[in-house]
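Read the structure below first, then the notes.
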Amino acid sequence: MEWNITSGRPVYVQLVEQLEQALAAGVFPPGSRIPPVRELAADAGVNPNTMQRALQELESRGLLQAQRTAGRIVTAENGELTLLRQKRARRLVQDCLTQLRGLGMNEEEIETLLKEVQNGNDV
Amino acid sequence: METMYEARGLKKLYGGKPALNGVEFAVQPGRLVGLLGPNGAGKTTLLKISAGLLTPSAGEVRIAGQLPGPATKAMVSYLPDRMALPREQRAEDMVAFYKDFYTDFDGYKAGQMLADLKLDPRQRIGAMSKGTQEKLQLCLVMSRAAGLYLLDEPLGGVDPAAREYILSTILSNYSESAAVIISTHLIGDIEKALDEVIVLKDGAVLTHQSVDALREVNGKSVDEYFREVFKC
């Protein structure tokens with residue numbers, strides 16, 4: 001998967017976000033095994049201990065499950081993932097609306113625009 | 001778990017001028033630690049004492065509880081800050097030499113790394129460019145299964161692509177029972193790979209904390225933090 005660790009914010013927080021994104025997008029499908037910590041860490045160019053911490057966080061949220069001897073799998077029962085996807089989608093829409101309002105558009109105009117874009121009509 | 005590395009009240013005088021002035025810190029196994037500081041802060045001196053190449057004027061270093069000596073040299077893999085390989089030898093001669101010399105040396109791994117970095121095993125060291133010599137030296141050092149790696153500026157002379165490779169080598173080489181101390185000025189390239197940073201200033205520890213704690217508290221990267229603290 002693609003990693004993008006920027007400066008200024010804790011690496012751990014960014015790893016959690018990007019792993020969440022990958023899970024929501026189905027990069028690692030439910031029930032599948034995720035790569036070992038060391039591999040993920042080398043791939044992202046981050047410290048294995050930091051990656052481990054991020055994975056543990058996702059585990060405690062129920063998105064991942066530790067297997068006793070064989071690493072971690074993505075939680076198969078999909079409630080948590082659906083919730084995560086909805087939360088992310090909601091945030092995207094909110095960001096988009098905030099920016100559109102920043103351009104001075106009112107709700108009606110936004111609605112019209114949304115329909116237009118959906119139907120593939122260009123300006 | 002036993003502390004892998006400890007410096008206590010470490011001092012080193014060069015002709016009356018202190019290079020180290022009471023350095024104290026400890027490193028636990030499984031940690032990747034960045035040793036940062038401006039020129040002349042004492043990074044190289046600290047690593048040389050730790051590798052057993054210099055004796056401190058006062059204080060001591062303990063590696064897995066022992067003073068530097070033959071026993072610690074068997075478990076410490078040290079990358080010096082300058083080229084320390086005989087120029088008339090070939091890369092493959094050095095691999096054979098290291099294999100003879102260190103029981104924890106993995107010849108297969110060394111061959112693999114040389115191939116990945118496109119080094120010719122038959123090339124004479126004296127005929128290599130500076131960057132290539134550094135790559136070879138690093139391959140040798142990282143091919144040992146050591147308990148403690150002391151890397152004095154491993155990224156300085158090599159190109160950005162090789163830096164990435166070296167970094168990922170250090171990361172994939174990670175072991176819970178080994179610690180790595182890396183001195184470098186290329187903080188931006190390496191900080192996300194580190195657990196902790198130790199910043200030296202005028203021969204003493206200015207700060208020693210986890211990278212994420214430093215980023216969180218200061219709201220900036222370690223690189224930016226360093227530039228601010230040591231602004232000229």
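Chains: A, B, ... in order of the structure tokens. Residues: from 1 per chain. Ligands: from 1, in order shown.
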Distance-based interface of chain A with chain B, 7 Å, counting only C-alpha atoms, as a ChimeraX atom specification: /A:7-11,38,42,45-47
Test item, strand (DSSP E or B) assignment across chain A, answer as a list in words: Arg33, Leu64, Gln65, Ala66, Arg72, Ile73 and Val74 of chain A
Picked from chain A by DSSP as helix (DSSP H, G or I), as a PyMOL selection string: chain A and resi 11-24+37-44+48-60+79-102+107-118
Exercise: B:Leu36 partners within 8 Å, only C-alpha atoms, chain neighbours under 4 positions left out, as a list in words: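 Within the cut-off, the hits are Lys43, Ser183, Thr184, His185, Ile187, Val197, Ile198, Val199 and Leu200 of chain B.
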Contacts of B:Ala204 within 9 Å, only C-alpha atoms, excl. fewer than 3 positions in-chain, as a list in words: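 What passes the distance filter is Leu10, Ala19, Leu20, Asn21, Gly22, Val23, Glu24, Ala41, Gly42, Val199, Leu200 and Lys201 of chain B.
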Selection near A:Ala66, 12 Å with only C-alpha atoms, sequence-local residues under 6 positions removed, as number ranges by chain: A: 31-34, 36-37, 52, 55-60, 72-75
Write a file of the selected residues as a PDB file, in the first residue's frame, keeping C-alpha atoms.
ATOM      1  CA  GLY A  31     -10.798 -12.139   6.956  1.00  0.00           C
ATOM      2  CA  SER A  32      -7.448 -11.811   5.175  1.00  0.00           C
ATOM      3  CA  ARG A  33      -4.099 -11.851   6.884  1.00  0.00           C
ATOM      4  CA  ILE A  34      -2.213  -8.566   6.960  1.00  0.00           C
ATOM      5  CA  PRO A  36       3.834  -8.961   9.369  1.00  0.00           C
ATOM      6  CA  VAL A  37       4.811  -5.872  11.372  1.00  0.00           C
ATOM      7  CA  GLN A  52       3.344  -2.352  16.201  1.00  0.00           C
ATOM      8  CA  LEU A  55      -1.617  -2.155  14.800  1.00  0.00           C
ATOM      9  CA  GLN A  56      -2.383  -2.653  18.471  1.00  0.00           C
ATOM     10  CA  GLU A  57      -4.554   0.458  18.392  1.00  0.00           C
ATOM     11  CA  LEU A  58      -6.561  -0.961  15.460  1.00  0.00           C
ATOM     12  CA  GLU A  59      -6.782  -4.245  17.324  1.00  0.00           C
ATOM     13  CA  SER A  60      -8.223  -2.558  20.401  1.00  0.00           C
ATOM     14  CA  ARG A  72      -3.119 -10.491  12.491  1.00  0.00           C
ATOM     15  CA  ILE A  73      -6.208 -10.805  10.342  1.00  0.00           C
ATOM     16  CA  VAL A  74      -8.753  -8.191   9.330  1.00  0.00           C
ATOM     17  CA  THR A  75     -11.911  -8.671  11.388  1.00  0.00           C
TER      18      THR A  75
END
